[in-house]
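S.K.: My file is entry.cif. It has mmCIF, C-alpha atoms:
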```
data_start
#
loop_
_atom_site.label_atom_id
_atom_site.label_comp_id
_atom_site.auth_asym_id
_atom_site.auth_seq_id
_atom_site.Cartn_x
_atom_site.Cartn_y
_atom_site.Cartn_z
CA MET X 178 89.97 95.11 122.17
CA LYS X 179 93.73 94.61 121.98
CA ASP X 180 96.14 97.37 122.92
CA PHE X 181 97.61 97.43 119.39
CA LEU X 182 95.62 96.46 116.30
CA VAL X 183 97.00 95.19 113.00
CA ILE X 184 94.36 96.31 110.50
CA ALA X 185 94.53 94.66 107.08
CA HIS X 186 94.03 97.49 104.57
CA ARG X 187 91.64 96.22 101.89
CA GLY X 188 92.52 92.76 103.21
CA ALA X 189 95.99 91.29 102.74
CA SER X 190 96.28 93.47 99.67
CA HIS X 191 99.99 92.87 99.06
CA LEU X 192 99.29 89.17 98.56
CA ALA X 193 95.89 89.15 96.84
CA PRO X 194 93.69 91.57 94.87
CA GLU X 195 92.43 94.29 97.19
CA ASN X 196 88.90 94.22 98.55
CA THR X 197 88.22 90.66 97.43
CA LEU X 198 87.34 87.53 99.35
CA PRO X 199 90.80 86.00 98.74
CA ALA X 200 92.43 89.08 100.30
CA PHE X 201 90.07 88.96 103.26
CA ARG X 202 90.65 85.23 103.82
CA MET X 203 94.42 85.75 103.72
CA ALA X 204 94.16 88.53 106.29
CA MET X 205 92.27 86.17 108.57
CA ASP X 206 94.81 83.39 108.02
CA LEU X 207 97.57 85.86 108.92
CA LYS X 208 95.78 86.64 112.20
CA ALA X 209 95.14 90.31 111.49
CA ASP X 210 93.02 91.89 114.20
CA MET X 211 90.73 93.79 111.83
CA ILE X 212 89.93 94.00 108.11
CA GLU X 213 89.39 97.38 106.46
CA THR X 214 87.35 97.67 103.29
CA ASP X 215 85.68 100.34 101.13
CA ILE X 216 81.94 100.36 100.50
CA ARG X 217 80.17 101.67 97.44
CA ILE X 218 76.69 101.02 96.14
CA SER X 219 75.58 99.42 92.90
CA ALA X 220 72.91 100.84 90.59
CA ASP X 221 70.39 98.50 92.22
CA GLN X 222 71.37 99.68 95.72
CA VAL X 223 73.50 96.74 96.81
CA PRO X 224 76.54 97.62 98.98
CA VAL X 225 79.65 96.32 97.20
CA LEU X 226 83.35 96.52 98.05
CA SER X 227 85.63 98.73 95.95
CA HIS X 228 88.04 101.52 96.72
CA ASP X 229 87.82 103.24 93.31
CA ALA X 230 84.68 104.90 92.01
CA ASP X 231 85.26 103.41 88.55
CA MET X 232 86.75 100.13 87.39
CA GLU X 233 89.57 101.39 85.18
CA ARG X 234 92.46 100.35 87.44
CA ILE X 235 90.94 97.02 88.48
CA ALA X 236 88.92 95.83 85.48
CA GLY X 237 90.06 98.00 82.59
CA THR X 238 86.87 100.01 82.04
CA THR X 239 86.00 103.59 82.97
CA VAL X 240 82.45 102.60 83.90
CA TYR X 241 81.50 103.67 87.43
CA ILE X 242 80.58 101.08 90.07
CA ASP X 243 77.27 102.79 90.83
CA GLU X 244 76.22 102.79 87.16
CA LEU X 245 75.91 98.98 87.07
CA THR X 246 73.70 96.47 88.82
CA LEU X 247 75.27 93.76 90.94
CA VAL X 248 74.65 91.19 88.20
CA GLU X 249 76.42 93.46 85.70
CA LEU X 250 79.31 94.13 88.07
CA ARG X 251 79.82 90.43 88.60
CA GLY X 252 80.43 90.02 84.91
CA TYR X 253 83.81 91.72 85.39
CA ASP X 254 87.08 90.11 86.45
CA PHE X 255 88.44 91.79 89.60
CA GLY X 256 91.47 89.54 89.98
CA SER X 257 93.48 89.29 86.76
CA TRP X 258 94.91 92.82 87.11
CA PHE X 259 96.76 91.58 90.19
CA SER X 260 97.79 88.12 89.01
CA GLU X 261 96.54 85.49 86.59
CA SER X 262 96.28 83.14 89.56
CA PHE X 263 93.31 85.25 90.71
CA ALA X 264 91.59 85.35 87.32
CA GLY X 265 87.81 85.24 87.62
CA THR X 266 87.64 86.82 91.07
CA ARG X 267 84.38 88.77 91.37
CA ILE X 268 83.48 91.91 93.24
CA PRO X 269 82.16 90.97 96.69
CA THR X 270 79.12 92.41 98.39
CA LEU X 271 79.15 93.70 101.93
CA GLU X 272 76.97 90.73 102.83
CA ASP X 273 79.67 88.39 101.49
CA LEU X 274 82.25 89.92 103.82
CA LEU X 275 79.91 89.99 106.80
CA SER X 276 79.14 86.30 106.32
CA LEU X 277 82.85 85.48 106.12
CA ALA X 278 83.82 87.56 109.16
CA LYS X 279 80.91 86.95 111.52
CA GLY X 280 82.28 85.85 114.87
CA GLU X 281 85.84 85.73 113.48
CA ILE X 282 87.37 89.18 112.96
CA LEU X 283 86.61 92.87 113.47
CA LEU X 284 85.71 94.98 110.44
CA ASN X 285 86.35 98.61 109.52
CA LEU X 286 83.76 99.58 106.91
CA GLU X 287 84.70 102.78 105.09
CA ILE X 288 81.79 104.50 103.39
CA LYS X 289 82.67 106.18 100.10
CA LYS X 290 80.64 109.28 99.20
CA ASP X 291 82.49 110.78 96.23
CA THR X 292 79.92 110.35 93.47
CA PRO X 293 76.42 111.86 93.14
CA ARG X 294 74.63 108.50 93.27
CA THR X 295 75.41 107.51 96.86
CA GLN X 296 72.28 108.77 98.60
CA GLY X 297 71.12 106.24 101.16
CA ILE X 298 74.36 104.25 101.32
CA GLU X 299 74.59 104.72 105.10
CA ASP X 300 71.14 103.19 105.55
CA LYS X 301 72.04 100.20 103.38
CA VAL X 302 75.28 99.57 105.26
CA LEU X 303 73.66 99.70 108.69
CA ASP X 304 70.76 97.53 107.52
CA ALA X 305 73.23 94.88 106.33
CA VAL X 306 75.15 94.97 109.60
CA ALA X 307 71.96 94.76 111.66
CA ALA X 308 70.65 91.86 109.57
CA LYS X 309 73.74 89.87 110.61
CA ASP X 310 73.55 91.12 114.22
CA MET X 311 77.13 92.38 113.91
CA GLU X 312 76.94 95.90 115.35
CA ASP X 313 79.50 94.98 118.02
CA GLN X 314 81.93 93.68 115.40
CA VAL X 315 82.16 96.72 113.11
CA LEU X 316 83.67 100.18 113.04
CA ILE X 317 82.29 102.55 110.41
CA SER X 318 84.54 105.28 109.02
CA SER X 319 84.51 107.89 106.27
CA PHE X 320 86.20 111.05 105.03
CA ASP X 321 82.70 112.46 104.66
CA LEU X 322 81.38 114.21 107.78
CA PRO X 323 77.69 114.21 106.72
CA ALA X 324 77.96 110.44 106.16
CA LEU X 325 79.25 109.95 109.69
CA GLU X 326 76.54 112.22 111.05
CA ARG X 327 73.95 110.09 109.26
CA VAL X 328 75.50 106.91 110.64
CA ARG X 329 75.34 108.32 114.16
CA HIS X 330 71.70 109.32 113.66
CA LEU X 331 70.79 105.85 112.41
CA GLY X 332 72.97 103.91 114.85
CA PRO X 333 73.42 105.67 118.20
CA GLY X 334 75.55 102.80 119.49
CA ILE X 335 77.63 102.06 116.39
CA ARG X 336 81.39 102.65 116.57
CA ILE X 337 82.61 105.51 114.36
CA GLY X 338 86.10 106.38 113.10
CA PHE X 339 87.22 109.66 111.49
CA LEU X 340 89.51 109.59 108.46
CA TYR X 341 92.04 112.40 108.00
CA ASP X 342 94.22 112.93 104.92
CA GLY X 343 96.45 115.55 106.52
CA ASN X 344 94.65 118.58 105.11
CA GLY X 345 93.40 121.09 107.65
CA SER X 346 93.97 121.18 111.37
CA TRP X 347 93.64 117.85 113.16
CA ARG X 348 92.27 119.80 116.13
CA HIS X 349 89.24 120.71 114.04
CA PHE X 350 88.66 117.01 113.40
CA LEU X 351 89.10 116.27 117.09
CA ASP X 352 86.19 118.60 117.87
CA HIS X 353 83.95 116.77 115.38
CA ALA X 354 85.10 113.38 116.62
CA VAL X 355 84.23 114.24 120.20
CA LYS X 356 80.85 115.65 119.19
CA LEU X 357 79.91 112.44 117.35
CA GLY X 358 81.30 110.13 120.01
CA ALA X 359 83.91 108.62 117.68
CA VAL X 360 86.09 105.86 119.11
CA SER X 361 89.00 106.28 116.69
CA PHE X 362 90.88 108.68 114.41
CA HIS X 363 92.54 107.41 111.21
CA PRO X 364 95.19 109.87 109.98
CA ALA X 365 97.48 109.53 106.98
CA GLN X 366 100.67 108.21 108.56
CA LYS X 367 102.80 111.09 107.25
CA SER X 368 100.59 113.54 109.14
CA VAL X 369 100.96 111.90 112.55
CA THR X 370 102.72 113.76 115.35
CA PRO X 371 103.13 112.95 119.05
CA ASP X 372 100.96 115.98 119.88
CA MET X 373 98.19 114.64 117.67
CA VAL X 374 98.25 111.23 119.33
CA HIS X 375 98.26 112.72 122.81
CA GLY X 376 95.49 115.16 121.90
CA PHE X 377 93.14 112.39 120.82
CA HIS X 378 94.10 110.14 123.72
CA ARG X 379 93.22 112.89 126.16
CA ARG X 380 89.68 112.69 124.80
CA GLY X 381 89.59 108.88 124.92
CA ILE X 382 89.91 108.39 121.15
CA ARG X 383 92.26 105.79 119.64
CA VAL X 384 94.64 106.64 116.78
CA TYR X 385 95.16 104.25 113.84
CA PRO X 386 97.45 105.69 111.10
CA TYR X 387 97.25 104.53 107.49
CA VAL X 388 99.01 102.96 105.54
CA VAL X 389 102.16 101.57 107.23
CA ASP X 390 104.07 98.75 105.54
CA GLN X 391 107.50 98.99 107.21
CA ILE X 392 108.17 97.60 110.68
CA SER X 393 110.66 100.40 111.37
CA ARG X 394 107.91 102.98 110.87
CA VAL X 395 105.49 100.94 112.99
CA LYS X 396 107.99 100.97 115.85
CA GLU X 397 108.47 104.73 115.55
CA LEU X 398 104.72 105.32 115.64
CA GLN X 399 104.42 103.03 118.64
CA THR X 400 106.85 105.20 120.58
CA TRP X 401 104.33 108.02 120.03
CA GLY X 402 101.55 105.85 121.43
CA VAL X 403 99.44 104.93 118.39
CA ASP X 404 96.92 102.17 119.00
CA GLY X 405 97.36 100.26 115.75
CA VAL X 406 98.08 100.70 112.06
CA PHE X 407 96.44 100.04 108.74
CA THR X 408 98.77 97.95 106.61
CA ASN X 409 98.73 96.30 103.20
CA ARG X 410 101.12 93.72 104.60
CA PRO X 411 99.77 92.01 107.73
CA GLU X 412 102.28 89.24 106.99
CA ILE X 413 105.18 91.41 108.24
CA PHE X 414 103.80 91.15 111.76
CA GLN X 415 104.02 87.38 111.89
CA GLU X 416 107.54 87.15 113.33
CA GLY X 417 106.76 88.97 116.52
CA ARG X 418 103.43 90.60 117.14
CA ASP X 419 104.80 92.21 120.30
CA LEU X 420 106.86 94.84 118.50
#
```
How does this structure look as structure tokens?

M.R.:
Amino acid sequence: MKDFLVIAHRGASHLAPENTLPAFRMAMDLKADMIETDIRISADQVPVLSHDADMERIAGTTVYIDELTLVELRGYDFGSWFSESFAGTRIPTLEDLLSLAKGEILLNLEIKKDTPRTQGIEDKVLDAVAAKDMEDQVLISSFDLPALERVRHLGPGIRIGFLYDGNGSWRHFLDHAVKLGAVSFHPAQKSVTPDMVHGFHRRGIRVYPYVVDQISRVKELQTWGVDGVFTNRPEIFQEGRDL
């Protein structure tokens, strides 16, 4: 793994609708090191890619993702909200992304567990990854500790990352990360401190702040030793990856 990772947050989401195949393809074209995406589950238990629990922001309806089957979800336009040039873009499945990325780019799969209908999502995600023989290509993260505990139970060798929104002591999260054998910690970029970075590094855990879209901020975080950043704009790294 590279010393510093450029992680495309929801794909190249400044240039294309987030969490869609066009955004993922653009991230790959821009030579991002990893793609981050959000995983939810449809009413018929298919892992699909969406940050929001409902579709109001993206598709103009307050219906929840997990209330509809995949066929029903694919009746909605997930691209026009961003630009008419992406009209007709459909919600992708996790399998769609795995097929696109296999052998090409690392993936950070964030499991969303903020609705009551997500039981079993961890099993579905790991089953999909195993079916593609891509365990070595993925990192699974979540804000939800029980979800990460379930992932570790199901996949003793799978790479795990802890998300941190800045609430509570990061040292508490460090204890959990060590216990679960996490490889990385993903803090909100405004919460990052040099002490935090050094604390995780002392335990062999990488630090990837989110979301950083200004090169000046990237350079500051690099002086503190971070190992990469999540960014909506992987294109800003094109004129000199060695920052």

S.K.: Name the residues in contact with Val302 (chain X) at a cut-off of 9 Å, using only C-alpha atoms, excluding same-chain residues fewer than 6 positions from it; report them as a VMD selection string.

M.R.: chain X and resid 216 224 271 286 288

S.K.: Taking the file above as input, evaluate the PyMOL selection byres ((chain X and resi 277) around 12) and report the hits as a list in words.

M.R.: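 Checking the PyMOL selection byres ((chain X and resi 277) around 12) against this file, the residues are Thr197, Leu198, Pro199, Ala200, Phe201, Arg202, Met203, Ala204, Met205, Ile212, Pro269, Thr270, Leu271, Glu272, Asp273, Leu274, Leu275, Ser276, Ala278, Lys279, Gly280, Glu281, Ile282, Leu283, Leu284, Lys309 and Met311 of chain X.
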
S.K.: Write a file of the selected residues as a PDB file, in the frame of the given file, keeping C-alpha atoms.

M.R.:
```pdb
ATOM      1  CA  THR X 197      88.220  90.660  97.430  1.00  0.00           C
ATOM      2  CA  LEU X 198      87.340  87.530  99.350  1.00  0.00           C
ATOM      3  CA  PRO X 199      90.800  86.000  98.740  1.00  0.00           C
ATOM      4  CA  ALA X 200      92.430  89.080 100.300  1.00  0.00           C
ATOM      5  CA  PHE X 201      90.070  88.960 103.260  1.00  0.00           C
ATOM      6  CA  ARG X 202      90.650  85.230 103.820  1.00  0.00           C
ATOM      7  CA  MET X 203      94.420  85.750 103.720  1.00  0.00           C
ATOM      8  CA  ALA X 204      94.160  88.530 106.290  1.00  0.00           C
ATOM      9  CA  MET X 205      92.270  86.170 108.570  1.00  0.00           C
ATOM     10  CA  ILE X 212      89.930  94.000 108.110  1.00  0.00           C
ATOM     11  CA  PRO X 269      82.160  90.970  96.690  1.00  0.00           C
ATOM     12  CA  THR X 270      79.120  92.410  98.390  1.00  0.00           C
ATOM     13  CA  LEU X 271      79.150  93.700 101.930  1.00  0.00           C
ATOM     14  CA  GLU X 272      76.970  90.730 102.830  1.00  0.00           C
ATOM     15  CA  ASP X 273      79.670  88.390 101.490  1.00  0.00           C
ATOM     16  CA  LEU X 274      82.250  89.920 103.820  1.00  0.00           C
ATOM     17  CA  LEU X 275      79.910  89.990 106.800  1.00  0.00           C
ATOM     18  CA  SER X 276      79.140  86.300 106.320  1.00  0.00           C
ATOM     19  CA  ALA X 278      83.820  87.560 109.160  1.00  0.00           C
ATOM     20  CA  LYS X 279      80.910  86.950 111.520  1.00  0.00           C
ATOM     21  CA  GLY X 280      82.280  85.850 114.870  1.00  0.00           C
ATOM     22  CA  GLU X 281      85.840  85.730 113.480  1.00  0.00           C
ATOM     23  CA  ILE X 282      87.370  89.180 112.960  1.00  0.00           C
ATOM     24  CA  LEU X 283      86.610  92.870 113.470  1.00  0.00           C
ATOM     25  CA  LEU X 284      85.710  94.980 110.440  1.00  0.00           C
ATOM     26  CA  LYS X 309      73.740  89.870 110.610  1.00  0.00           C
ATOM     27  CA  MET X 311      77.130  92.380 113.910  1.00  0.00           C
TER      28      MET X 311
END
```

S.K.: What does the structure give for the distance between CA of Arg217 (chain X) and CA of Gln391 (chain X), in Å to one decimal?

M.R.: 29.1 Å

S.K.: Counting only C-alpha atoms, which residues come within 12 Å of (93.9, 86.5, 88.1), with the point read in the file's coordinates, and could you list them as a ChimeraX atom specification?

M.R.: /X:193-194,197,199,235-236,253-267

S.K.: Looking at all atoms listed in the file, which of X:Leu322, X:Ile335, X:Val183, X:Val355 is the one that sits closest to Lys208 (chain X)?

M.R.: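 Of the candidates, the smallest distance to Lys208 (chain X) is held by X:Val183.
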
S.K.: I'd like the contact shell of region 362-376 of chain X - 9 Å cut-off, all atoms listed in the file, skipping same-chain residues fewer than 4 positions apart - returned as a count of residues only.

M.R.: 30

S.K.: CA of Gly297 (chain X) and CA of Ile268 (chain X), how far apart in Å?

M.R.: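 Straight-line distance from CA of Ile268 (chain X) to CA of Gly297 (chain X) works out to 20.5 Å.
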
S.K.: What is the CA of Asp321 (chain X) to CA of Val360 (chain X) distance in Å?

M.R.: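 Atom-to-atom, CA of Asp321 (chain X) and CA of Val360 (chain X) are spaced 16.2 Å apart.
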
S.K.: Output the residue selection produced by the PyMOL selection byres ((chain X and resi 312) around 9) on the file above, formatted as JSON, numbers by chain.

M.R.: {"X": [303, 306, 307, 309, 310, 311, 313, 314, 315, 316, 332, 334, 335, 336]}

S.K.: Using the chain letters and numbers from the file, give me the residues hit by the PyMOL selection byres ((chain X and resi 410) around 9), as a list in words.

M.R.: Ala185, His186, Gly188, Ala189, Ser190, His191, Leu192, Ala204, Val389, Asp390, Gln391, Phe407, Thr408, Asn409, Pro411, Glu412, Ile413 and Phe414 of chain X

S.K.: With distances taken over all atoms listed in the file, which of X:Val223, X:Ala305, X:Ile184, X:Ala230 is nearest to Gly405 (chain X)?

M.R.: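 Of the candidates, the smallest distance to Gly405 (chain X) is held by X:Ile184.
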
S.K.: For Ile242 (chain X), please output as a count of residues only all residues within 7 Å (counting all atoms listed in the file; exclusion window: fewer than 4 positions along the same chain).

M.R.: 4
